[in-house]
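my_file_33.pdb follows (PDB, C-alpha atoms):
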ATOM      1  CA  ALA A   1       0.000   0.000   0.000
ATOM      2  CA  GLY A   2       1.281   3.456  -0.873
ATOM      3  CA  PRO A   3       1.556   6.444   1.497
ATOM      4  CA  PRO A   4      -1.599   8.318   2.362
ATOM      5  CA  PRO A   5      -2.390  11.390   0.322
ATOM      6  CA  ALA A   6      -0.924  14.726   1.373
ATOM      7  CA  GLY A   7      -4.340  15.987   2.353
ATOM      8  CA  ALA A   8      -4.889  13.184   4.884
ATOM      9  CA  GLY A   9      -5.466  14.277   8.456
ATOM     10  CA  GLY A  10      -2.910  14.081  11.209
ATOM     11  CA  THR A  11      -0.548  16.343  13.139
ATOM     12  CA  PRO A  12       2.979  17.055  11.870
ATOM     13  CA  ALA A  13       4.373  14.759  14.567
ATOM     14  CA  THR A  14       2.098  11.918  13.383
ATOM     15  CA  ILE A  15       3.179  12.440   9.777
ATOM     16  CA  LEU A  16       6.866  12.447  10.823
ATOM     17  CA  LEU A  17       6.448   9.226  12.789
ATOM     18  CA  ARG A  18       4.612   7.589   9.860
ATOM     19  CA  LYS A  19       7.480   8.496   7.477
ATOM     20  CA  ILE A  20      10.110   7.119   9.887
ATOM     21  CA  MET A  21       8.193   3.854  10.204
ATOM     22  CA  MET A  22       7.858   3.532   6.413
ATOM     23  CA  LEU A  23      11.601   4.142   5.883
ATOM     24  CA  THR A  24      12.458   1.627   8.594
ATOM     25  CA  ALA A  25      10.164  -1.021   7.057
ATOM     26  CA  ARG A  26      11.695  -0.434   3.619
ATOM     27  CA  ASP A  27      15.264  -0.842   4.963
ATOM     28  CA  VAL A  28      14.343  -4.110   6.637
ATOM     29  CA  SER A  29      12.902  -5.529   3.412
ATOM     30  CA  GLU A  30      15.800  -4.397   1.214
ATOM     31  CA  ASN A  31      18.772  -5.430   3.417
ATOM     32  CA  ASN A  32      19.864  -8.649   5.040
ATOM     33  CA  ALA A  33      18.136  -9.585   8.261
ATOM     34  CA  SER A  34      20.975  -8.852  10.701
ATOM     35  CA  THR A  35      22.095  -5.661   8.958
ATOM     36  CA  GLY A  36      18.540  -4.446   8.501
ATOM     37  CA  TYR A  37      17.624  -4.995  12.136
ATOM     38  CA  LEU A  38      20.825  -3.269  13.304
ATOM     39  CA  LEU A  39      20.110  -0.223  11.146
ATOM     40  CA  THR A  40      16.542  -0.222  12.377
ATOM     41  CA  ILE A  41      17.650  -0.215  16.015
ATOM     42  CA  ILE A  42      20.146   2.614  15.377
ATOM     43  CA  LYS A  43      17.515   4.675  13.565
ATOM     44  CA  ASP A  44      15.002   4.031  16.333
ATOM     45  CA  VAL A  45      17.463   5.206  18.961
ATOM     46  CA  ILE A  46      18.372   8.344  17.005
ATOM     47  CA  SER A  47      14.777   9.114  16.107
ATOM     48  CA  GLY A  48      13.587   8.574  19.662
ATOM     49  CA  THR A  49      16.326  10.805  21.058
ATOM     50  CA  LEU A  50      15.566  13.595  18.608
ATOM     51  CA  LEU A  51      11.839  13.366  19.229
ATOM     52  CA  GLY A  52      12.405  13.338  22.987
ATOM     53  CA  VAL A  53      14.597  16.445  22.867
ATOM     54  CA  PHE A  54      12.122  18.166  20.556
ATOM     55  CA  PHE A  55       9.211  17.320  22.844
ATOM     56  CA  LEU A  56      11.155  18.507  25.896
ATOM     57  CA  MET A  57      11.930  21.816  24.173
ATOM     58  CA  ILE A  58       8.253  22.290  23.371
ATOM     59  CA  LEU A  59       7.278  21.676  26.997
ATOM     60  CA  ILE A  60       9.887  24.122  28.284
ATOM     61  CA  PHE A  61       8.749  26.744  25.780
ATOM     62  CA  LEU A  62       5.082  26.305  26.724
ATOM     63  CA  ASP A  63       5.960  26.547  30.415
ATOM     64  CA  TYR A  64       8.059  29.671  29.769
ATOM     65  CA  ARG A  65       5.063  31.283  28.018
ATOM     66  CA  ASN A  66       2.817  30.210  30.902
ATOM     67  CA  ILE A  67       0.661  28.237  28.498
ATOM     68  CA  VAL A  68       1.093  25.142  30.625
ATOM     69  CA  GLN A  69       2.307  24.863  34.211
ATOM     70  CA  LEU A  70       4.883  22.084  34.611
ATOM     71  CA  GLY A  71       6.982  22.032  37.733
ATOM     72  CA  SER A  72       9.557  19.684  36.229
ATOM     73  CA  ALA A  73      10.003  21.878  33.131
ATOM     74  CA  ARG A  74      10.386  24.948  35.316
ATOM     75  CA  ALA A  75      12.942  23.163  37.507
ATOM     76  CA  PHE A  76      14.866  21.983  34.433
ATOM     77  CA  ARG A  77      14.882  25.500  32.991
ATOM     78  CA  ARG A  78      16.068  26.945  36.293
ATOM     79  CA  ALA A  79      18.816  24.338  36.631
ATOM     80  CA  ALA A  80      19.997  24.960  33.058
ATOM     81  CA  PHE A  81      20.053  28.724  33.658
ATOM     82  CA  GLU A  82      22.031  28.346  36.892
ATOM     83  CA  LEU A  83      24.499  26.027  35.170
ATOM     84  CA  MET A  84      25.080  28.356  32.219
ATOM     85  CA  THR A  85      25.510  31.389  34.505
ATOM     86  CA  ASP A  86      27.908  29.661  36.883
ATOM     87  CA  PRO A  87      31.325  31.415  36.664
ATOM     88  CA  GLU A  88      33.256  28.137  36.613
ATOM     89  CA  THR A  89      31.073  26.755  33.811
ATOM     90  CA  VAL A  90      31.453  29.959  31.777
ATOM     91  CA  LYS A  91      35.221  29.942  32.363
ATOM     92  CA  THR A  92      35.487  26.309  31.224
ATOM     93  CA  ILE A  93      33.488  27.014  28.063
ATOM     94  CA  GLU A  94      35.591  30.107  27.284
ATOM     95  CA  GLU A  95      38.839  28.163  27.684
ATOM     96  CA  ASN A  96      37.662  25.253  25.549
ATOM     97  CA  ILE A  97      36.331  27.280  22.608
ATOM     98  CA  GLU A  98      38.815  30.163  23.053
ATOM     99  CA  ILE A  99      36.283  32.998  23.171
ATOM    100  CA  LYS A 100      35.243  35.551  25.784
ATOM    101  CA  PHE A 101      31.624  36.013  26.816
ATOM    102  CA  ILE A 102      30.627  39.600  27.599
ATOM    103  CA  PRO A 103      27.248  41.228  28.309
ATOM    104  CA  VAL A 104      25.332  42.572  25.331
ATOM    105  CA  ASP A 105      25.469  46.156  26.582
ATOM    106  CA  VAL A 106      29.261  45.941  26.961
ATOM    107  CA  TYR A 107      29.578  44.471  23.457
ATOM    108  CA  THR A 108      27.378  47.238  22.037
ATOM    109  CA  SER A 109      29.376  49.914  23.837
ATOM    110  CA  MET A 110      32.653  48.480  22.482
ATOM    111  CA  LYS A 111      31.307  48.424  18.916
ATOM    112  CA  GLU A 112      30.123  52.014  19.182
ATOM    113  CA  GLU A 113      33.504  53.122  20.567
ATOM    114  CA  ILE A 114      35.356  51.364  17.740
ATOM    115  CA  THR A 115      33.050  52.967  15.185
ATOM    116  CA  ARG A 116      33.577  56.433  16.661
ATOM    117  CA  ASN A 117      37.358  56.023  16.723
ATOM    118  CA  ARG A 118      37.407  54.745  13.136
ATOM    119  CA  GLU A 119      35.388  57.751  12.018
ATOM    120  CA  LYS A 120      37.785  60.063  13.849
ATOM    121  CA  VAL A 121      40.755  58.472  12.125
ATOM    122  CA  ASP A 122      39.133  58.540   8.695
ATOM    123  CA  ASN A 123      37.816  62.093   8.979
ATOM    124  CA  ASN A 124      40.520  63.706  11.091
ATOM    125  CA  ASP A 125      41.910  66.521   8.934
ATOM    126  CA  SER A 126      44.169  67.738  11.747
ATOM    127  CA  VAL A 127      46.385  64.660  11.421
ATOM    128  CA  LYS A 128      47.004  65.379   7.757
ATOM    129  CA  GLN A 129      47.571  69.040   8.569
ATOM    130  CA  HIS A 130      50.196  68.131  11.174
ATOM    131  CA  GLU A 131      51.911  65.836   8.700
ATOM    132  CA  ASP A 132      52.021  68.609   6.102
ATOM    133  CA  ASP A 133      53.388  71.041   8.698
ATOM    134  CA  LEU A 134      56.063  68.540   9.674
ATOM    135  CA  LEU A 135      57.178  68.130   6.068
ATOM    136  CA  LYS A 136      57.272  71.900   5.674
ATOM    137  CA  ARG A 137      59.354  72.363   8.858
ATOM    138  CA  ASN A 138      61.790  69.647   7.799
ATOM    139  CA  LYS A 139      62.250  71.342   4.443
ATOM    140  CA  GLU A 140      62.882  74.699   6.132
ATOM    141  CA  LEU A 141      65.373  73.035   8.496
ATOM    142  CA  GLU A 142      67.333  71.564   5.604
ATOM    143  CA  GLU A 143      67.434  74.967   3.913
ATOM    144  CA  MET A 144      68.691  76.561   7.150
ATOM    145  CA  LYS A 145      71.417  73.929   7.444
ATOM    146  CA  LEU A 146      72.619  74.686   3.918
ATOM    147  CA  GLU A 147      72.553  78.420   4.639
ATOM    148  CA  TYR A 148      74.462  77.886   7.875
ATOM    149  CA  LYS A 149      77.123  75.904   6.037
ATOM    150  CA  GLU A 150      77.512  78.694   3.500
ATOM    151  CA  TRP A 151      77.868  81.360   6.207
ATOM    152  CA  GLU A 152      80.259  79.162   8.140
ATOM    153  CA  THR A 153      82.453  78.752   5.075
ATOM    154  CA  LYS A 154      82.397  82.511   4.401
ATOM    155  CA  GLY A 155      83.153  83.310   8.044
ATOM    156  CA  ASN A 156      86.057  80.903   8.183
ATOM    157  CA  SER A 157      87.426  82.449   5.011
ATOM    158  CA  VAL A 158      87.142  86.017   6.332
ATOM    159  CA  LEU A 159      88.620  85.146   9.738
ATOM    160  CA  LYS A 160      91.142  82.797   8.111
ATOM    161  CA  LEU A 161      89.846  79.953  10.252
ATOM    162  CA  ASP A 162      90.073  77.728   7.189
ATOM    163  CA  LYS A 163      93.851  77.882   7.753
ATOM    164  CA  TRP A 164      93.645  76.850  11.396
ATOM    165  CA  CYS A 165      95.967  74.001  12.329
ATOM    166  CA  GLY A 166      94.659  72.396  15.467
ATOM    167  CA  GLY A 167      97.300  69.703  15.538
ATOM    168  CA  CYS A 168     100.194  72.155  15.271
ATOM    169  CA  LYS A 169     102.291  73.129  18.288
ATOM    170  CA  GLY A 170     103.155  76.576  19.581
ATOM    171  CA  GLY A 171     105.292  77.544  22.510
ATOM    172  CA  TRP A 172     102.663  76.112  24.855
ATOM    173  CA  GLY A 173     101.987  72.825  23.083
ATOM    174  CA  ASN A 174      99.057  71.624  20.949
ATOM    175  CA  CYS A 175      96.929  74.418  19.408
ATOM    176  CA  ASN A 176      93.578  72.797  20.099
ATOM    177  CA  GLN A 177      94.596  72.183  23.711
ATOM    178  CA  ARG A 178      95.559  75.877  23.971
ATOM    179  CA  VAL A 179      92.093  76.905  22.773
ATOM    180  CA  LYS A 180      90.497  74.567  25.319
ATOM    181  CA  TYR A 181      92.694  76.003  28.076
ATOM    182  CA  LEU A 182      91.729  79.573  27.234
ATOM    183  CA  SER A 183      88.032  78.596  27.126
ATOM    184  CA  ASP A 184      88.114  76.742  30.464
ATOM    185  CA  THR A 185      90.306  79.271  32.286
ATOM    186  CA  TYR A 186      89.249  82.640  30.901
ATOM    187  CA  HIS A 187      85.932  81.689  29.226
ATOM    188  CA  THR A 188      87.327  82.908  25.923
ATOM    189  CA  PRO A 189      85.046  82.048  22.966
ATOM    190  CA  GLU A 190      86.526  79.396  20.678
ATOM    191  CA  VAL A 191      86.520  81.567  17.545
ATOM    192  CA  LYS A 192      88.160  84.533  19.337
ATOM    193  CA  ALA A 193      90.805  82.297  20.860
ATOM    194  CA  LYS A 194      91.691  80.854  17.462
ATOM    195  CA  VAL A 195      91.782  84.275  15.799
ATOM    196  CA  ASP A 196      93.981  85.727  18.570
ATOM    197  CA  ILE A 197      96.416  82.815  18.332
ATOM    198  CA  MET A 198      96.568  83.056  14.540
ATOM    199  CA  ASP A 199      97.218  86.810  14.792
ATOM    200  CA  THR A 200     100.479  85.929  16.544
ATOM    201  CA  GLY A 201     101.448  83.861  13.500
ATOM    202  CA  LYS A 202     100.996  80.492  15.164
ATOM    203  CA  CYS A 203      98.743  77.461  14.506
ATOM    204  CA  MET A 204      98.426  78.277  10.798
ATOM    205  CA  GLN A 205      98.766  75.777   7.975
TER
END
Would it be possible to restate this file's structure as structure tokens?
Amino acid sequence: AGPPPAGAGGTPATILLRKIMMLTARDVSENNASTGYLLTIIKDVISGTLLGVFFLMILIFLDYRNIVQLGSARAFRRAAFELMTDPETVKTIEENIEIKFIPVDVYTSMKEEITRNREKVDNNDSVKQHEDDLLKRNKELEEMKLEYKEWETKGNSVLKLDKWCGGCKGGWGNCNQRVKYLSDTYHTPEVKAKVDIMDTGKCMQ
């Protein structure tokens, strides 16, 4: 006999059970006896477990909506809630799956903060302005260094410092040491000390 027409009466659970029974009967007829019975037992166990869990979920949902009043369902729901909110249980789950559970409001606040910071970075014109100013200052500094070198060369030429011989020796020893002595003892500026020494005809190349 074939399956009943689609319009036949019956709840979805009855239709599901009828289909499982038909599939089981077909497997038994098509396979060997031992193999067929083994598959039938396995399918019965799996089907019964799934149906049991599904039925238990329905009862818990109905009790949660106060449609039915079941003390056992309420106790099961309370026990499951206490287990999932236990700090040790949460810690074990976090360590095993390598994630961190946080409250929804904390997660929302973190997302909003990240979004605000990203917008600041993307739309912050002051950062670009500071970068442009830094490039401009560096360019001006390089130009000042070149100008300083030019003036230094001109000054050395005018004061004849380009002919200074620091390693030469006068009547008092090394020329550079003499300049250091004058600076430490009399606080004589380095350039003046060199010029004064060279005016005496010493320490010149």
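If only C-alpha atoms are the atoms counted, then among A:Gln177, A:His130, A:Met144, A:Gln205 the closest residue to Asp162 (chain A) is A:Gln205.
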- request: Take the point (102.6, 78.0, 18.2) as written in the file and pick out every residue within 8 Å of it, counting all atoms listed in the file; give the list as a ChimeraX atom specification.
  value: /A:168-175,197,201-203
query: When you draw a straight line from CA of Val106 (chain A) to CA of Thr85 (chain A), how long is it in Å?
result: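 One can read the CA of Val106 (chain A) to CA of Thr85 (chain A) distance as 16.8 Å.
Proximity ranking of A:Val45, A:Leu135, A:Val191, A:Ile60 relative to Leu161 (chain A) places A:Val191 first, based on all atoms listed in the file.
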